[in-house]
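A short worksheet on the structure shown next.
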Amino acid sequence: NFLRDEMKNSLEELELGMKGELQMSLRMEALAASLELNRVPDNWASKAYPSLRNLADWLDNLLERAEQLTRWTEDPTSIPVVVDLSLCFNPQSFLTSIMQVTAQTQQKELDKLTIMTDVTRKQPEEIETAVRDGAYVTGLWLEAARWDSKQSCLEECLPRVLFDRMPVIVCRAILREKLETNGVYTCPCYKTTFRGPTYVFDATLRTKYHPDKWTLSGVVMLLEVPM
């Protein structure tokens with residue numbers, strides 16, 4: 001793992017520098033400054049996933065990602081009952097794998113498939129068995145709107161509440177031409193609030209309002225939100 005090696009090597013190098021066994025370089029000084037300021041060092045961030053967390057929270061999150069990956073490798077031939085998409089190092093690859101499985105099992109062309117999302121009313125701990133088609137995912141948040149579980153649709157956010165945690169979502173692969181658009185908001189999903197280059201995919205969310213309402217409000221789903 002490039003990130004792990006970079007962290008280990010740079011910390012060992014800094015330790016030697018602090019002991020006087022190596023001459024302190026600008027790179028080592030920058031690492032020391034970042035650690036003191038609780039910021040993710042640039043040389044670590046360049047080899048990691050997009051994140052706006054401070055160093056302490058980033059390290060906790062890194063351990064959670066490693067734990068999910070370790071559990072998965074214990075039974076690599078089956079998808080976990082619920083996958084925390086926010087803990088995937090490459091969530092796009094996971095979603096692509098859903099489309100690949102569908103393409104193989106249903107004899108469909110991969111480039112004609114897309115991801116469709118169905119929002120359930122359940123939390124991760126309430127899911128006991130894996131979904132037959134696709135995958136259950138969690139770890140997504142709505143920004144600038146909320147999810148009304150009773151009506152199973154988007155609703156305006158509550159006062160002073162910018163982010164709303166989504167229930168478990170089913171991600172399935174479907175032919176792009178069969179994707180329903182009526183009463184649906186195509187909601188872009190990003191890894192962080194920085195948006196732009198952290199784009200992951202478009203989710204399909206039910207709405208009783210015209211989709212333009214949510215577009216103008218800047219409604220998106222995120223895998224990481226300020227805590």
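Residue numbers start at 1 in each chain; chains themselves are named A, B, ... in the order of the structure tokens; ligands are numbered from 1 in the order shown.
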Query - Residues flagged strand (DSSP E or B) by DSSP in region 3-227 of chain A, as an NGL selection string - result: :A and (82-84 or 113-119 or 135-138 or 141-143 or 146-148 or 153-155 or 163-165 or 169-175 or 184-190 or 199-206 or 220-222)
Surrounding residues of region 51-65 of chain A excluding itself and chain neighbours under 2 positions, 10 Å, only C-alpha atoms, as a JSON list (two decimals) with N, CA and C atoms, in the first residue's frame:
[["chain", "number", "residue", "atom", "x", "y", "z"],
["A", 34, "SER", "N", 2.78, 19.87, 10.11],
["A", 34, "SER", "CA", 1.44, 19.33, 9.90],
["A", 34, "SER", "C", 0.97, 18.52, 11.11],
["A", 35, "LEU", "N", 1.86, 17.71, 11.67],
["A", 35, "LEU", "CA", 1.50, 16.91, 12.84],
["A", 35, "LEU", "C", 1.16, 17.81, 14.02],
["A", 36, "GLU", "N", 1.91, 18.88, 14.18],
["A", 36, "GLU", "CA", 1.67, 19.81, 15.30],
["A", 36, "GLU", "C", 0.35, 20.55, 15.13],
["A", 37, "LEU", "N", 0.00, 20.86, 13.89],
["A", 37, "LEU", "CA", -1.23, 21.62, 13.61],
["A", 37, "LEU", "C", -2.44, 20.72, 13.38],
["A", 38, "ASN", "N", -2.28, 19.41, 13.55],
["A", 38, "ASN", "CA", -3.38, 18.45, 13.36],
["A", 38, "ASN", "C", -3.93, 18.50, 11.94],
["A", 39, "ARG", "N", -3.01, 18.60, 10.98],
["A", 39, "ARG", "CA", -3.39, 18.60, 9.57],
["A", 39, "ARG", "C", -2.78, 17.38, 8.88],
["A", 40, "VAL", "N", -3.48, 16.86, 7.88],
["A", 40, "VAL", "CA", -2.96, 15.73, 7.12],
["A", 40, "VAL", "C", -1.78, 16.22, 6.28],
["A", 41, "PRO", "N", -0.58, 15.65, 6.46],
["A", 41, "PRO", "CA", 0.59, 16.09, 5.68],
["A", 41, "PRO", "C", 0.34, 15.96, 4.18],
["A", 45, "ALA", "N", -1.51, 13.03, 1.97],
["A", 45, "ALA", "CA", -2.75, 13.32, 1.25],
["A", 45, "ALA", "C", -2.62, 13.02, -0.24],
["A", 48, "ALA", "N", -3.45, 9.46, -0.77],
["A", 48, "ALA", "CA", -4.66, 8.98, -0.10],
["A", 48, "ALA", "C", -5.90, 9.37, -0.91],
["A", 49, "TYR", "N", -7.04, 9.10, -0.31],
["A", 49, "TYR", "CA", -8.35, 9.42, -0.87],
["A", 49, "TYR", "C", -8.70, 10.87, -0.54],
["A", 67, "GLU", "N", -10.37, -1.66, 8.44],
["A", 67, "GLU", "CA", -11.15, -2.71, 9.09],
["A", 67, "GLU", "C", -12.20, -3.28, 8.15],
["A", 68, "GLN", "N", -12.89, -2.40, 7.40],
["A", 68, "GLN", "CA", -13.90, -2.90, 6.45],
["A", 68, "GLN", "C", -13.24, -3.74, 5.38],
["A", 69, "LEU", "N", -12.08, -3.28, 4.90],
["A", 69, "LEU", "CA", -11.37, -4.02, 3.85],
["A", 69, "LEU", "C", -10.89, -5.37, 4.38],
["A", 70, "THR", "N", -10.43, -5.40, 5.63],
["A", 70, "THR", "CA", -9.96, -6.66, 6.24],
["A", 70, "THR", "C", -11.10, -7.66, 6.36],
["A", 84, "ASP", "N", -20.33, -0.03, 3.55],
["A", 84, "ASP", "CA", -20.23, 1.40, 3.85],
["A", 84, "ASP", "C", -19.45, 2.05, 2.72],
["A", 85, "LEU", "N", -20.16, 2.70, 1.82],
["A", 85, "LEU", "CA", -19.53, 3.28, 0.64],
["A", 85, "LEU", "C", -18.53, 4.37, 1.02],
["A", 86, "SER", "N", -18.78, 5.04, 2.15],
["A", 86, "SER", "CA", -17.88, 6.11, 2.58],
["A", 86, "SER", "C", -16.54, 5.58, 3.06],
["A", 87, "LEU", "N", -16.45, 4.26, 3.32],
["A", 87, "LEU", "CA", -15.21, 3.65, 3.78],
["A", 87, "LEU", "C", -14.47, 2.91, 2.66],
["A", 88, "CYS", "N", -15.01, 2.99, 1.45],
["A", 88, "CYS", "CA", -14.34, 2.37, 0.30],
["A", 88, "CYS", "C", -13.24, 3.30, -0.20],
["A", 89, "PHE", "N", -12.06, 2.75, -0.44],
["A", 89, "PHE", "CA", -10.97, 3.57, -0.95],
["A", 89, "PHE", "C", -11.27, 4.05, -2.37],
["A", 191, "LYS", "N", -17.45, 12.76, -2.92],
["A", 191, "LYS", "CA", -16.75, 12.23, -1.75],
["A", 191, "LYS", "C", -16.68, 13.25, -0.62],
["A", 192, "THR", "N", -16.54, 14.53, -0.94],
["A", 192, "THR", "CA", -16.45, 15.57, 0.08],
["A", 192, "THR", "C", -17.26, 16.80, -0.34],
["A", 193, "THR", "N", -17.35, 17.76, 0.55],
["A", 193, "THR", "CA", -18.07, 19.01, 0.26],
["A", 193, "THR", "C", -17.34, 19.85, -0.78],
["A", 194, "PHE", "N", -16.12, 19.49, -1.11],
["A", 194, "PHE", "CA", -15.38, 20.20, -2.16],
["A", 194, "PHE", "C", -16.02, 19.95, -3.52],
["A", 198, "THR", "N", -14.29, 15.31, -6.87],
["A", 198, "THR", "CA", -14.56, 14.16, -6.00],
["A", 198, "THR", "C", -15.87, 13.45, -6.39],
["A", 223, "LEU", "N", -20.16, 11.56, 0.76],
["A", 223, "LEU", "CA", -19.62, 10.45, 1.52],
["A", 223, "LEU", "C", -18.87, 10.92, 2.77],
["A", 224, "GLU", "N", -18.61, 12.22, 2.83],
["A", 224, "GLU", "CA", -17.95, 12.79, 4.00],
["A", 224, "GLU", "C", -18.54, 14.16, 4.28],
["A", 225, "VAL", "N", -18.91, 14.41, 5.52],
["A", 225, "VAL", "CA", -19.47, 15.72, 5.89],
["A", 225, "VAL", "C", -18.74, 16.24, 7.11],
["A", 226, "PRO", "N", -18.70, 17.57, 7.30],
["A", 226, "PRO", "CA", -18.07, 18.13, 8.50],
["A", 226, "PRO", "C", -18.81, 17.68, 9.75],
["A", 227, "MET", "N", -18.06, 17.24, 10.74],
["A", 227, "MET", "CA", -18.65, 16.77, 11.97],
["A", 227, "MET", "C", -18.30, 17.72, 13.14]]
Which residues, written as a PDB file with all heavy atoms, in the first residue's frame, have at least one atom at most 10 Å from Val184 (chain A), with only C-alpha atoms counted and residues fewer than 2 positions away on the same chain left out?
ATOM      1  N   CYS A 153     -39.361  10.036  -0.101  1.00  0.00           N
ATOM      2  CA  CYS A 153     -39.018  11.035  -1.110  1.00  0.00           C
ATOM      3  C   CYS A 153     -38.203  12.160  -0.478  1.00  0.00           C
ATOM      4  O   CYS A 153     -38.113  12.270   0.749  1.00  0.00           O
ATOM      5  CB  CYS A 153     -40.273  11.598  -1.772  1.00  0.00           C
ATOM      6  SG  CYS A 153     -41.328  12.552  -0.649  1.00  0.00           S
ATOM      7  N   LEU A 154     -37.652  12.989  -1.335  1.00  0.00           N
ATOM      8  CA  LEU A 154     -36.912  14.162  -0.874  1.00  0.00           C
ATOM      9  C   LEU A 154     -37.850  15.182  -0.253  1.00  0.00           C
ATOM     10  O   LEU A 154     -38.982  15.356  -0.700  1.00  0.00           O
ATOM     11  CB  LEU A 154     -36.157  14.802  -2.039  1.00  0.00           C
ATOM     12  CG  LEU A 154     -34.873  14.124  -2.526  1.00  0.00           C
ATOM     13  CD1 LEU A 154     -34.426  14.762  -3.832  1.00  0.00           C
ATOM     14  CD2 LEU A 154     -33.776  14.237  -1.479  1.00  0.00           C
ATOM     15  N   LEU A 179     -34.032   3.466 -17.240  1.00  0.00           N
ATOM     16  CA  LEU A 179     -33.952   4.243 -16.003  1.00  0.00           C
ATOM     17  C   LEU A 179     -35.121   5.214 -15.925  1.00  0.00           C
ATOM     18  O   LEU A 179     -35.325   6.036 -16.825  1.00  0.00           O
ATOM     19  CB  LEU A 179     -32.629   5.009 -15.956  1.00  0.00           C
ATOM     20  CG  LEU A 179     -32.274   5.692 -14.629  1.00  0.00           C
ATOM     21  CD1 LEU A 179     -32.047   4.634 -13.530  1.00  0.00           C
ATOM     22  CD2 LEU A 179     -31.020   6.546 -14.792  1.00  0.00           C
ATOM     23  N   GLU A 180     -35.894   5.132 -14.864  1.00  0.00           N
ATOM     24  CA  GLU A 180     -37.064   5.998 -14.718  1.00  0.00           C
ATOM     25  C   GLU A 180     -36.643   7.426 -14.404  1.00  0.00           C
ATOM     26  O   GLU A 180     -35.753   7.669 -13.589  1.00  0.00           O
ATOM     27  CB  GLU A 180     -37.950   5.466 -13.582  1.00  0.00           C
ATOM     28  CG  GLU A 180     -39.301   6.150 -13.502  1.00  0.00           C
ATOM     29  CD  GLU A 180     -40.225   5.493 -12.482  1.00  0.00           C
ATOM     30  OE1 GLU A 180     -39.867   4.421 -11.959  1.00  0.00           O
ATOM     31  OE2 GLU A 180     -41.288   6.079 -12.227  1.00  0.00           O
ATOM     32  N   THR A 181     -37.305   8.384 -15.050  1.00  0.00           N
ATOM     33  CA  THR A 181     -36.960   9.793 -14.850  1.00  0.00           C
ATOM     34  C   THR A 181     -38.116  10.607 -14.290  1.00  0.00           C
ATOM     35  O   THR A 181     -37.901  11.677 -13.719  1.00  0.00           O
ATOM     36  CB  THR A 181     -36.491  10.421 -16.183  1.00  0.00           C
ATOM     37  OG1 THR A 181     -37.522  10.253 -17.170  1.00  0.00           O
ATOM     38  CG2 THR A 181     -35.214   9.778 -16.666  1.00  0.00           C
ATOM     39  N   ASN A 182     -39.344  10.118 -14.434  1.00  0.00           N
ATOM     40  CA  ASN A 182     -40.496  10.846 -13.909  1.00  0.00           C
ATOM     41  C   ASN A 182     -40.532  10.782 -12.381  1.00  0.00           C
ATOM     42  O   ASN A 182     -40.468   9.697 -11.796  1.00  0.00           O
ATOM     43  CB  ASN A 182     -41.798  10.268 -14.474  1.00  0.00           C
ATOM     44  CG  ASN A 182     -41.949  10.539 -15.963  1.00  0.00           C
ATOM     45  OD1 ASN A 182     -41.457  11.544 -16.469  1.00  0.00           O
ATOM     46  ND2 ASN A 182     -42.608   9.633 -16.677  1.00  0.00           N
ATOM     47  N   THR A 186     -32.106  13.344 -10.257  1.00  0.00           N
ATOM     48  CA  THR A 186     -30.794  12.749 -10.485  1.00  0.00           C
ATOM     49  C   THR A 186     -29.797  13.495  -9.608  1.00  0.00           C
ATOM     50  O   THR A 186     -29.387  14.616  -9.923  1.00  0.00           O
ATOM     51  CB  THR A 186     -30.392  12.846 -11.970  1.00  0.00           C
ATOM     52  OG1 THR A 186     -31.385  12.186 -12.765  1.00  0.00           O
ATOM     53  CG2 THR A 186     -29.048  12.176 -12.203  1.00  0.00           C
ATOM     54  N   CYS A 187     -29.446  12.863  -8.498  1.00  0.00           N
ATOM     55  CA  CYS A 187     -28.655  13.532  -7.463  1.00  0.00           C
ATOM     56  C   CYS A 187     -27.178  13.147  -7.565  1.00  0.00           C
ATOM     57  O   CYS A 187     -26.819  11.980  -7.364  1.00  0.00           O
ATOM     58  CB  CYS A 187     -29.191  13.138  -6.080  1.00  0.00           C
ATOM     59  SG  CYS A 187     -28.336  13.911  -4.693  1.00  0.00           S
ATOM     60  N   ALA A 203     -27.158   9.391  -8.184  1.00  0.00           N
ATOM     61  CA  ALA A 203     -28.178   8.571  -7.537  1.00  0.00           C
ATOM     62  C   ALA A 203     -29.549   8.998  -8.038  1.00  0.00           C
ATOM     63  O   ALA A 203     -29.742  10.145  -8.463  1.00  0.00           O
ATOM     64  CB  ALA A 203     -28.099   8.724  -6.022  1.00  0.00           C
ATOM     65  N   THR A 204     -30.509   8.084  -7.997  1.00  0.00           N
ATOM     66  CA  THR A 204     -31.878   8.401  -8.404  1.00  0.00           C
ATOM     67  C   THR A 204     -32.744   8.448  -7.150  1.00  0.00           C
ATOM     68  O   THR A 204     -32.951   7.438  -6.485  1.00  0.00           O
ATOM     69  CB  THR A 204     -32.414   7.326  -9.373  1.00  0.00           C
ATOM     70  OG1 THR A 204     -32.185   6.015  -8.829  1.00  0.00           O
ATOM     71  CG2 THR A 204     -31.699   7.419 -10.717  1.00  0.00           C
ATOM     72  N   LEU A 205     -33.247   9.644  -6.824  1.00  0.00           N
ATOM     73  CA  LEU A 205     -34.028   9.849  -5.608  1.00  0.00           C
ATOM     74  C   LEU A 205     -35.442  10.316  -5.946  1.00  0.00           C
ATOM     75  O   LEU A 205     -35.629  11.235  -6.762  1.00  0.00           O
ATOM     76  CB  LEU A 205     -33.342  10.884  -4.706  1.00  0.00           C
ATOM     77  CG  LEU A 205     -31.903  10.575  -4.271  1.00  0.00           C
ATOM     78  CD1 LEU A 205     -31.363  11.702  -3.401  1.00  0.00           C
ATOM     79  CD2 LEU A 205     -31.829   9.237  -3.541  1.00  0.00           C
ATOM     80  N   ARG A 206     -36.412   9.711  -5.311  1.00  0.00           N
ATOM     81  CA  ARG A 206     -37.815  10.080  -5.532  1.00  0.00           C
ATOM     82  C   ARG A 206     -38.088  11.502  -5.034  1.00  0.00           C
ATOM     83  O   ARG A 206     -37.576  11.929  -4.002  1.00  0.00           O
ATOM     84  CB  ARG A 206     -38.730   9.107  -4.806  1.00  0.00           C
ATOM     85  CG  ARG A 206     -38.726   7.695  -5.365  1.00  0.00           C
ATOM     86  CD  ARG A 206     -39.541   7.638  -6.633  1.00  0.00           C
ATOM     87  NE  ARG A 206     -39.502   6.317  -7.250  1.00  0.00           N
ATOM     88  CZ  ARG A 206     -40.061   6.055  -8.409  1.00  0.00           C
ATOM     89  NH1 ARG A 206     -40.688   7.007  -9.079  1.00  0.00           N
ATOM     90  NH2 ARG A 206     -39.993   4.836  -8.929  1.00  0.00           N
ATOM     91  N   THR A 207     -38.929  12.220  -5.781  1.00  0.00           N
ATOM     92  CA  THR A 207     -39.293  13.573  -5.382  1.00  0.00           C
ATOM     93  C   THR A 207     -40.737  13.873  -5.775  1.00  0.00           C
ATOM     94  O   THR A 207     -41.194  13.462  -6.846  1.00  0.00           O
ATOM     95  CB  THR A 207     -38.353  14.617  -6.016  1.00  0.00           C
ATOM     96  OG1 THR A 207     -38.822  15.936  -5.696  1.00  0.00           O
ATOM     97  CG2 THR A 207     -38.282  14.473  -7.531  1.00  0.00           C
ATOM     98  N   LYS A 208     -41.440  14.590  -4.903  1.00  0.00           N
ATOM     99  CA  LYS A 208     -42.800  15.015  -5.243  1.00  0.00           C
ATOM    100  C   LYS A 208     -42.785  16.409  -5.865  1.00  0.00           C
ATOM    101  O   LYS A 208     -43.804  16.893  -6.349  1.00  0.00           O
ATOM    102  CB  LYS A 208     -43.690  14.990  -3.997  1.00  0.00           C
ATOM    103  CG  LYS A 208     -43.222  15.893  -2.872  1.00  0.00           C
ATOM    104  CD  LYS A 208     -44.092  15.714  -1.636  1.00  0.00           C
ATOM    105  CE  LYS A 208     -43.618  16.588  -0.484  1.00  0.00           C
ATOM    106  NZ  LYS A 208     -44.415  16.378   0.745  1.00  0.00           N
ATOM    107  N   TYR A 209     -41.610  17.055  -5.807  1.00  0.00           N
ATOM    108  CA  TYR A 209     -41.441  18.366  -6.437  1.00  0.00           C
ATOM    109  C   TYR A 209     -40.721  18.183  -7.773  1.00  0.00           C
ATOM    110  O   TYR A 209     -40.158  17.123  -8.056  1.00  0.00           O
ATOM    111  CB  TYR A 209     -40.603  19.288  -5.541  1.00  0.00           C
ATOM    112  CG  TYR A 209     -41.170  19.505  -4.166  1.00  0.00           C
ATOM    113  CD1 TYR A 209     -40.590  18.895  -3.058  1.00  0.00           C
ATOM    114  CD2 TYR A 209     -42.273  20.327  -3.957  1.00  0.00           C
ATOM    115  CE1 TYR A 209     -41.094  19.102  -1.775  1.00  0.00           C
ATOM    116  CE2 TYR A 209     -42.781  20.536  -2.691  1.00  0.00           C
ATOM    117  CZ  TYR A 209     -42.188  19.921  -1.598  1.00  0.00           C
ATOM    118  OH  TYR A 209     -42.696  20.118  -0.340  1.00  0.00           O
ATOM    119  N   HIS A 210     -40.731  19.237  -8.570  1.00  0.00           N
ATOM    120  CA  HIS A 210     -39.990  19.182  -9.823  1.00  0.00           C
ATOM    121  C   HIS A 210     -38.497  19.075  -9.505  1.00  0.00           C
ATOM    122  O   HIS A 210     -37.999  19.757  -8.609  1.00  0.00           O
ATOM    123  CB  HIS A 210     -40.254  20.445 -10.654  1.00  0.00           C
ATOM    124  CG  HIS A 210     -39.805  20.316 -12.076  1.00  0.00           C
ATOM    125  ND1 HIS A 210     -38.480  20.423 -12.446  1.00  0.00           N
ATOM    126  CD2 HIS A 210     -40.507  20.068 -13.216  1.00  0.00           C
ATOM    127  CE1 HIS A 210     -38.378  20.268 -13.755  1.00  0.00           C
ATOM    128  NE2 HIS A 210     -39.593  20.050 -14.249  1.00  0.00           N
ATOM    129  N   PRO A 211     -37.760  18.231 -10.215  1.00  0.00           N
ATOM    130  CA  PRO A 211     -36.326  18.056  -9.937  1.00  0.00           C
ATOM    131  C   PRO A 211     -35.524  19.353  -9.956  1.00  0.00           C
ATOM    132  O   PRO A 211     -34.500  19.464  -9.264  1.00  0.00           O
ATOM    133  CB  PRO A 211     -35.883  17.106 -11.064  1.00  0.00           C
ATOM    134  CG  PRO A 211     -37.113  16.344 -11.425  1.00  0.00           C
ATOM    135  CD  PRO A 211     -38.243  17.316 -11.261  1.00  0.00           C
TER     136      PRO A 211
END
**Report entry** Atom-to-atom span, CA of Glu128 (chain A) and CA of Pro76 (chain A), Å
**Finding:**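 Those two atoms sit 18.6 Å apart.
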Using only C-alpha atoms, what table do you get, as JSON lines, when you list each residue of region 150-173 of chain A with an atom no more than 10 Å from region 109-124 of chain A, its nearest pair of atoms, and their distance in Å rounded to one decimal, rows by chain then rising number?
{"residue": "A:Lys150", "atom": "CA", "partner": "A:Arg121", "partner_atom": "CA", "distance": 8.2}
{"residue": "A:Ser152", "atom": "CA", "partner": "A:Val119", "partner_atom": "CA", "distance": 7.4}
{"residue": "A:Cys153", "atom": "CA", "partner": "A:Val119", "partner_atom": "CA", "distance": 8.7}
{"residue": "A:Met166", "atom": "CA", "partner": "A:Val119", "partner_atom": "CA", "distance": 8.0}
{"residue": "A:Pro167", "atom": "CA", "partner": "A:Gln123", "partner_atom": "CA", "distance": 5.4}
{"residue": "A:Val168", "atom": "CA", "partner": "A:Gln123", "partner_atom": "CA", "distance": 5.6}
{"residue": "A:Ile169", "atom": "CA", "partner": "A:Val119", "partner_atom": "CA", "distance": 4.5}
{"residue": "A:Val170", "atom": "CA", "partner": "A:Asp118", "partner_atom": "CA", "distance": 5.1}
{"residue": "A:Cys171", "atom": "CA", "partner": "A:Thr117", "partner_atom": "CA", "distance": 4.7}
{"residue": "A:Arg172", "atom": "CA", "partner": "A:Met116", "partner_atom": "CA", "distance": 5.3}
{"residue": "A:Ala173", "atom": "CA", "partner": "A:Ile115", "partner_atom": "CA", "distance": 4.7}
Requested in this report: Tell me, in Å to one decimal, how far CA of Ser97 (chain A) is from CA of Ser78 (chain A).
Outcome: 12.1 Å
**Report entry** Å distance separating CA of Leu31 (chain A) from CA of Leu11 (chain A), one decimal place
**Finding:**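 Distance between the two atoms: 8.3 Å.
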